[in-house]
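Listing of upload-v4.cif; format and content: mmCIF, C-alpha atoms.
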data_start
#
loop_
_atom_site.group_PDB
_atom_site.id
_atom_site.type_symbol
_atom_site.label_atom_id
_atom_site.label_comp_id
_atom_site.auth_asym_id
_atom_site.auth_seq_id
_atom_site.Cartn_x
_atom_site.Cartn_y
_atom_site.Cartn_z
ATOM 1 C CA MET E 1445 -104.597 -167.030 -41.992
ATOM 2 C CA LYS E 1446 -105.746 -168.020 -38.539
ATOM 3 C CA LYS E 1447 -108.448 -165.325 -38.512
ATOM 4 C CA ILE E 1448 -109.778 -166.707 -41.791
ATOM 5 C CA PHE E 1449 -109.644 -170.211 -40.343
ATOM 6 C CA THR E 1450 -111.602 -169.094 -37.275
ATOM 7 C CA ILE E 1451 -114.241 -167.282 -39.334
ATOM 8 C CA MET E 1452 -114.695 -170.386 -41.490
ATOM 9 C CA ALA E 1453 -115.146 -172.488 -38.363
ATOM 10 C CA LEU E 1454 -117.748 -170.074 -36.973
ATOM 11 C CA CYS E 1455 -119.621 -170.120 -40.296
ATOM 12 C CA LEU E 1456 -119.638 -173.917 -40.103
ATOM 13 C CA CYS E 1457 -121.057 -173.689 -36.572
ATOM 14 C CA VAL E 1458 -123.852 -171.424 -37.803
ATOM 15 C CA MET E 1459 -124.665 -173.785 -40.661
ATOM 16 C CA CYS E 1460 -124.818 -176.733 -38.264
ATOM 17 C CA ALA E 1461 -127.070 -174.790 -35.885
ATOM 18 C CA ASN E 1462 -129.395 -173.814 -38.721
ATOM 19 C CA ALA E 1463 -129.653 -177.459 -39.717
ATOM 20 C CA GLN E 1464 -130.882 -178.463 -36.255
ATOM 21 C CA GLU E 1465 -134.527 -179.451 -36.042
ATOM 22 C CA LEU E 1466 -136.788 -176.786 -34.567
ATOM 23 C CA LYS E 1467 -139.075 -178.312 -31.933
ATOM 24 C CA CYS E 1468 -142.030 -176.825 -30.089
ATOM 25 C CA PHE E 1469 -144.190 -177.662 -27.101
ATOM 26 C CA LYS E 1470 -147.317 -175.903 -25.871
ATOM 27 C CA ILE E 1471 -148.407 -175.165 -22.307
ATOM 28 C CA THR E 1472 -152.170 -174.602 -22.193
ATOM 29 C CA LEU E 1473 -153.670 -173.122 -19.024
ATOM 30 C CA GLU E 1474 -156.955 -174.689 -17.950
ATOM 31 C CA GLN E 1475 -159.055 -174.610 -14.786
ATOM 32 C CA ASP E 1476 -157.849 -177.999 -13.568
ATOM 33 C CA GLY E 1477 -154.198 -177.440 -14.406
ATOM 34 C CA CYS E 1478 -151.969 -177.067 -17.414
ATOM 35 C CA VAL E 1479 -151.996 -179.356 -20.474
ATOM 36 C CA ASN E 1480 -148.653 -179.912 -22.183
ATOM 37 C CA THR E 1481 -148.564 -181.017 -25.819
ATOM 38 C CA GLY E 1482 -146.070 -181.231 -28.670
ATOM 39 C CA ASP E 1483 -142.344 -181.908 -28.283
ATOM 40 C CA VAL E 1484 -142.319 -181.833 -24.488
ATOM 41 C CA PRO E 1485 -138.836 -182.829 -23.197
ATOM 42 C CA THR E 1486 -138.979 -186.230 -21.511
ATOM 43 C CA ASP E 1487 -137.954 -185.146 -17.999
ATOM 44 C CA ALA E 1488 -139.673 -181.748 -18.004
ATOM 45 C CA ASN E 1489 -141.611 -180.914 -14.832
ATOM 46 C CA ILE E 1490 -143.988 -177.950 -15.279
ATOM 47 C CA SER E 1491 -145.673 -176.183 -12.366
ATOM 48 C CA ILE E 1492 -147.769 -173.010 -12.054
ATOM 49 C CA ILE E 1493 -148.066 -170.709 -9.042
ATOM 50 C CA HIS E 1494 -150.827 -168.060 -8.901
ATOM 51 C CA ASN E 1495 -150.306 -165.330 -6.305
ATOM 52 C CA SER E 1496 -147.952 -167.632 -4.363
ATOM 53 C CA LYS E 1497 -150.514 -170.483 -4.401
ATOM 54 C CA SER E 1498 -150.386 -173.728 -6.383
ATOM 55 C CA THR E 1499 -153.441 -172.940 -8.461
ATOM 56 C CA VAL E 1500 -154.046 -172.153 -12.125
ATOM 57 C CA MET E 1501 -155.681 -168.889 -13.172
ATOM 58 C CA SER E 1502 -155.608 -168.115 -16.859
ATOM 59 C CA TYR E 1503 -157.027 -164.624 -16.194
ATOM 60 C CA LEU E 1504 -155.208 -162.100 -14.035
ATOM 61 C CA PHE E 1505 -156.621 -158.913 -12.544
ATOM 62 C CA ALA E 1506 -154.705 -155.860 -11.324
ATOM 63 C CA GLY E 1507 -152.048 -156.876 -8.790
ATOM 64 C CA GLU E 1508 -152.130 -160.593 -9.622
ATOM 65 C CA ASN E 1509 -149.402 -162.778 -11.114
ATOM 66 C CA ASN E 1510 -148.661 -166.228 -12.499
ATOM 67 C CA VAL E 1511 -145.281 -167.950 -12.356
ATOM 68 C CA ILE E 1512 -144.668 -170.976 -14.589
ATOM 69 C CA THR E 1513 -141.570 -173.007 -13.712
ATOM 70 C CA ILE E 1514 -140.190 -175.654 -16.076
ATOM 71 C CA GLU E 1515 -137.515 -177.890 -14.563
ATOM 72 C CA GLY E 1516 -135.691 -180.950 -15.845
ATOM 73 C CA LEU E 1517 -134.929 -179.509 -19.285
ATOM 74 C CA PRO E 1518 -131.932 -180.966 -21.168
ATOM 75 C CA LYS E 1519 -128.757 -178.900 -20.773
ATOM 76 C CA ASN E 1520 -128.271 -178.788 -24.555
ATOM 77 C CA MET E 1521 -131.748 -177.313 -25.136
ATOM 78 C CA GLU E 1522 -131.570 -173.784 -26.562
ATOM 79 C CA ILE E 1523 -134.636 -171.536 -26.586
ATOM 80 C CA GLN E 1524 -135.294 -170.055 -30.041
ATOM 81 C CA LYS E 1525 -138.673 -168.370 -29.590
ATOM 82 C CA ILE E 1526 -141.474 -167.997 -27.020
ATOM 83 C CA GLU E 1527 -145.034 -167.005 -27.930
ATOM 84 C CA ALA E 1528 -148.029 -166.209 -25.739
ATOM 85 C CA LYS E 1529 -151.671 -166.310 -26.836
ATOM 86 C CA VAL E 1530 -153.402 -163.670 -24.744
ATOM 87 C CA ALA E 1531 -156.822 -162.130 -24.113
ATOM 88 C CA LEU E 1532 -157.196 -158.722 -22.506
ATOM 89 C CA ASP E 1533 -159.126 -155.515 -22.105
ATOM 90 C CA ASP E 1534 -157.916 -153.799 -25.268
ATOM 91 C CA LEU E 1535 -158.412 -150.318 -23.799
ATOM 92 C CA PHE E 1536 -156.842 -150.159 -20.333
ATOM 93 C CA THR E 1537 -154.838 -153.373 -19.679
ATOM 94 C CA ILE E 1538 -151.188 -153.144 -18.658
ATOM 95 C CA SER E 1539 -149.378 -156.481 -18.321
ATOM 96 C CA GLU E 1540 -145.788 -157.707 -18.271
ATOM 97 C CA MET E 1541 -144.256 -161.095 -19.088
ATOM 98 C CA THR E 1542 -140.643 -162.141 -18.601
ATOM 99 C CA ALA E 1543 -138.743 -165.342 -19.379
ATOM 100 C CA SER E 1544 -135.657 -166.323 -17.396
ATOM 101 C CA ILE E 1545 -133.231 -169.210 -17.242
ATOM 102 C CA GLY E 1546 -132.368 -169.433 -13.591
ATOM 103 C CA GLU E 1547 -131.963 -165.818 -12.490
ATOM 104 C CA ASN E 1548 -130.893 -164.574 -15.933
ATOM 105 C CA LYS E 1549 -133.645 -162.864 -17.920
ATOM 106 C CA ILE E 1550 -133.621 -163.928 -21.573
ATOM 107 C CA GLY E 1551 -136.744 -162.199 -22.889
ATOM 108 C CA GLU E 1552 -139.786 -160.048 -22.223
ATOM 109 C CA LEU E 1553 -143.227 -159.221 -23.562
ATOM 110 C CA TYR E 1554 -144.912 -156.034 -22.329
ATOM 111 C CA PHE E 1555 -148.330 -155.096 -23.670
ATOM 112 C CA GLN E 1556 -151.071 -152.548 -23.062
ATOM 113 C CA GLY E 1557 -154.534 -151.504 -24.184
ATOM 114 C CA LEU E 1558 -155.110 -148.593 -26.530
ATOM 115 C CA TRP E 1559 -155.802 -146.022 -23.798
ATOM 116 C CA ALA E 1560 -153.651 -147.463 -21.010
ATOM 117 C CA GLY E 1561 -151.011 -144.759 -21.310
ATOM 118 C CA ALA E 1562 -147.975 -146.952 -20.562
ATOM 119 C CA SER E 1563 -144.530 -146.214 -22.030
ATOM 120 C CA ASP E 1564 -143.378 -147.077 -25.554
ATOM 121 C CA ARG E 1565 -141.811 -150.192 -24.103
ATOM 122 C CA TYR E 1566 -145.325 -151.720 -24.071
ATOM 123 C CA ILE E 1567 -146.783 -152.870 -27.384
ATOM 124 C CA PHE E 1568 -150.451 -152.215 -28.187
ATOM 125 C CA ALA E 1569 -152.314 -155.516 -28.090
ATOM 126 C CA GLN E 1570 -155.706 -156.499 -29.441
ATOM 127 C CA SER E 1571 -158.360 -158.184 -27.290
ATOM 128 C CA GLU E 1572 -157.066 -161.577 -28.492
ATOM 129 C CA GLY E 1573 -153.853 -162.435 -30.263
ATOM 130 C CA THR E 1574 -150.550 -164.319 -30.243
ATOM 131 C CA TYR E 1575 -147.445 -162.275 -29.465
ATOM 132 C CA GLU E 1576 -143.740 -163.115 -29.431
ATOM 133 C CA PHE E 1577 -141.305 -162.418 -26.608
ATOM 134 C CA ALA E 1578 -138.364 -160.161 -27.456
ATOM 135 C CA LEU E 1579 -135.360 -162.382 -26.688
ATOM 136 C CA ASP E 1580 -132.078 -160.843 -25.544
ATOM 137 C CA GLU E 1581 -129.388 -161.904 -28.022
ATOM 138 C CA ASN E 1582 -126.609 -160.877 -25.624
ATOM 139 C CA VAL E 1583 -127.258 -163.738 -23.192
ATOM 140 C CA SER E 1584 -127.222 -167.489 -23.599
ATOM 141 C CA HIS E 1585 -130.546 -169.232 -24.246
ATOM 142 C CA LEU E 1586 -129.244 -172.663 -23.244
ATOM 143 C CA CYS E 1587 -131.368 -174.271 -20.510
ATOM 144 C CA THR E 1588 -128.574 -174.761 -17.986
ATOM 145 C CA ASP E 1589 -131.134 -174.053 -15.250
ATOM 146 C CA LYS E 1590 -134.915 -173.999 -14.890
ATOM 147 C CA LEU E 1591 -136.970 -171.912 -17.318
ATOM 148 C CA VAL E 1592 -139.303 -169.461 -15.534
ATOM 149 C CA ILE E 1593 -142.081 -167.474 -17.242
ATOM 150 C CA THR E 1594 -143.705 -164.778 -15.111
ATOM 151 C CA GLN E 1595 -146.780 -162.688 -15.935
ATOM 152 C CA THR E 1596 -148.044 -159.768 -13.876
ATOM 153 C CA CYS E 1597 -151.091 -157.566 -14.442
ATOM 154 C CA ALA E 1598 -150.878 -153.906 -13.433
ATOM 155 C CA ALA E 1599 -154.246 -152.655 -14.683
ATOM 156 C CA GLU E 1600 -157.631 -154.138 -15.652
ATOM 157 C CA TYR E 1601 -157.296 -157.822 -16.642
ATOM 158 C CA ALA E 1602 -155.103 -159.989 -18.863
ATOM 159 C CA GLY E 1603 -155.524 -163.640 -19.698
ATOM 160 C CA THR E 1604 -153.165 -166.171 -21.241
ATOM 161 C CA TYR E 1605 -154.509 -169.206 -23.067
ATOM 162 C CA CYS E 1606 -151.200 -170.863 -23.827
ATOM 163 C CA TYR E 1607 -147.462 -170.525 -24.358
ATOM 164 C CA ASN E 1608 -145.567 -171.938 -27.339
ATOM 165 C CA ILE E 1609 -141.904 -172.659 -26.626
ATOM 166 C CA TYR E 1610 -139.657 -173.277 -29.635
ATOM 167 C CA TYR E 1611 -136.232 -174.822 -29.148
ATOM 168 C CA THR E 1612 -133.383 -176.783 -30.694
ATOM 169 C CA LEU E 1613 -131.111 -179.431 -29.214
ATOM 170 C CA SER E 1614 -127.404 -178.878 -29.807
ATOM 171 C CA ASN E 1615 -125.074 -181.800 -30.366
ATOM 172 C CA PRO E 1616 -122.317 -181.631 -27.730
ATOM 173 C CA THR E 1617 -119.960 -183.592 -29.968
ATOM 174 C CA GLY E 1618 -121.057 -182.086 -33.240
ATOM 175 C CA ILE E 1619 -118.191 -179.562 -33.578
ATOM 176 C CA SER E 1620 -114.572 -180.627 -33.729
ATOM 177 C CA ASN E 1621 -111.853 -178.496 -32.235
ATOM 178 C CA VAL E 1622 -110.078 -176.220 -34.698
ATOM 179 C CA ILE E 1623 -106.317 -176.572 -34.359
ATOM 180 C CA ASP E 1624 -103.832 -174.221 -36.009
ATOM 181 C CA ASN E 1625 -100.250 -173.767 -34.923
ATOM 182 C CA ASN E 1626 -99.902 -170.212 -36.265
ATOM 183 C CA ASN E 1627 -99.064 -167.659 -33.590
ATOM 184 C CA GLU E 1628 -101.260 -164.926 -35.092
ATOM 185 C CA SER E 1629 -103.863 -163.209 -32.906
ATOM 186 C CA THR E 1630 -107.235 -164.910 -32.562
ATOM 187 C CA ASN E 1631 -110.827 -163.788 -32.146
ATOM 188 C CA SER E 1632 -111.467 -164.345 -28.426
ATOM 189 C CA SER E 1633 -115.136 -163.328 -28.534
ATOM 190 C CA TYR E 1634 -117.838 -165.708 -27.353
ATOM 191 C CA TYR E 1635 -120.642 -166.859 -29.667
ATOM 192 C CA SER E 1636 -123.823 -168.815 -28.965
ATOM 193 C CA LEU E 1637 -124.325 -172.146 -30.711
ATOM 194 C CA GLY E 1638 -126.668 -170.250 -33.034
ATOM 195 C CA GLY E 1639 -123.804 -167.991 -34.139
ATOM 196 C CA ALA E 1640 -124.821 -164.828 -32.206
ATOM 197 C CA ARG E 1641 -122.026 -162.923 -30.483
ATOM 198 C CA VAL E 1642 -122.365 -162.878 -26.666
ATOM 199 C CA ALA E 1643 -120.811 -159.903 -24.877
ATOM 200 C CA ASN E 1644 -121.193 -161.203 -21.297
ATOM 201 C CA PRO E 1645 -121.557 -164.994 -21.328
ATOM 202 C CA ASN E 1646 -123.357 -166.672 -18.453
ATOM 203 C CA LYS E 1647 -123.151 -170.364 -17.600
ATOM 204 C CA GLY E 1648 -123.493 -172.538 -20.693
ATOM 205 C CA ILE E 1649 -121.824 -173.777 -23.868
ATOM 206 C CA TYR E 1650 -120.341 -171.276 -26.332
ATOM 207 C CA ILE E 1651 -118.061 -171.090 -29.365
ATOM 208 C CA ARG E 1652 -114.711 -169.355 -28.794
ATOM 209 C CA ASN E 1653 -111.736 -169.370 -31.142
ATOM 210 C CA GLY E 1654 -113.560 -171.940 -33.258
ATOM 211 C CA LYS E 1655 -113.908 -174.338 -30.321
ATOM 212 C CA LYS E 1656 -116.832 -175.294 -28.144
ATOM 213 C CA VAL E 1657 -116.178 -174.172 -24.552
ATOM 214 C CA LEU E 1658 -118.120 -174.522 -21.295
ATOM 215 C CA VAL E 1659 -118.533 -171.449 -19.092
ATOM 216 C CA LYS E 1660 -119.210 -172.463 -15.468
#

Could you rewrite the structure in this file as structure tokens?
Amino acid sequence: MKKIFTIMALCLCVMCANAQELKCFKITLEQDGCVNTGDVPTDANISIIHNSKSTVMSYLFAGENNVITIEGLPKNMEIQKIEAKVALDDLFTISEMTASIGENKIGELYFQGLWAGASDRYIFAQSEGTYEFALDENVSHLCTDKLVITQTCAAEYAGTYCYNIYYTLSNPTGISNVIDNNNESTNSSYYSLGGARVANPNKGIYIRNGKKVLVK
């Protein structure tokens, strides 16, 4: 009975998460800095470092990198999707993008030109297009630390016009504890607020045994 009770509670959590409003803000890279539009969190502080210097370069050449750091995000903000609109040499470019919360990588986007010869891990990209990061469902996407997006270019050139960051805001008090006095075994697995099972939870808020718990 308790297992059924727990499963019902988890299903309710998933339904609540699905009902949350999906928000999005855009970071556009321009010569004089970045322009932030859309549902930008109130206290967000966005900075860009190019080759260890506080400058903005939308185009990268071999050996160059950009690091975008977003601080001040609400702790109940959960990343749902990240997109990058890129421009590149569609024959020989090799470029890598990663997204991390603190030091924990949550997603990546590796792309190459048609004749670049990189591994199958790199998708083939056109000269211009919008591509989605592959997010790791085994880690939490809650913004318990700064969000860092890094791009490096290994061959030829790669440019990024903008990033679209999609997120939801969880309600810390939106799920009531599930109480059952049965002594039957329980499901002790951790689940994200979106209902995905998390094998190795990092810092953040999760669902466990039908309850919302904080992992520190």

**OP:** Counting only C-alpha atoms, figure out which residue out of E:Leu1466, E:Cys1606, E:Val1479, E:Ala1578 gets nearest to E:Lys1549.
**Re:**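 Closest to E:Lys1549, using only C-alpha atoms: E:Ala1578.
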
Which neighbours of E:Tyr1566 fall inside 12 Å, counting all atoms listed in the file, when residues of the same chain fewer than 4 positions from it are skipped, and could you give them as a ChimeraX atom specification?
/E:1537-1541,1552-1562,1577-1578

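Relative to atom CA of E:Lys1467, atom CA of E:Ile1649 is found at 19.6 Å.
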
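What the PyMOL selection byres ((chain E and resi 1473) around 8) picks from this file is Ile1471, Thr1472, Glu1474, Gln1475, Gly1477, Cys1478, Val1479, Val1500, Met1501, Ser1502, Thr1604, Tyr1605 and Cys1606 of chain E.
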
Atom CA of E:Gly1638 to atom CA of E:Val1583 measures 11.8 Å

(message) Report, in Å to a single decimal, how far apart atom CA of E:Gln1464 and atom CA of E:Leu1658 are.
(response)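 Computing it gives 20.1 Å between the two atoms.
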
Hey, what comes out of the PyMOL selection byres ((chain E and resi 1570-1575) around 7) on this file? Could you write it as a PyMOL selection string? chain E and resi 1527-1534+1568-1569+1576-1577

Counting all atoms listed in the file, which residues sit no farther than 12 Å from the position (-128.1, -183.3, -16.9) in the file's frame? I'd like them as a list in words.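 Applying the cut-off with all atoms listed in the file, one gets Asp1487, Ala1488, Glu1515, Gly1516, Leu1517, Pro1518, Lys1519, Asn1520, Met1521, Cys1587, Thr1588, Asp1589 and Lys1590 of chain E.
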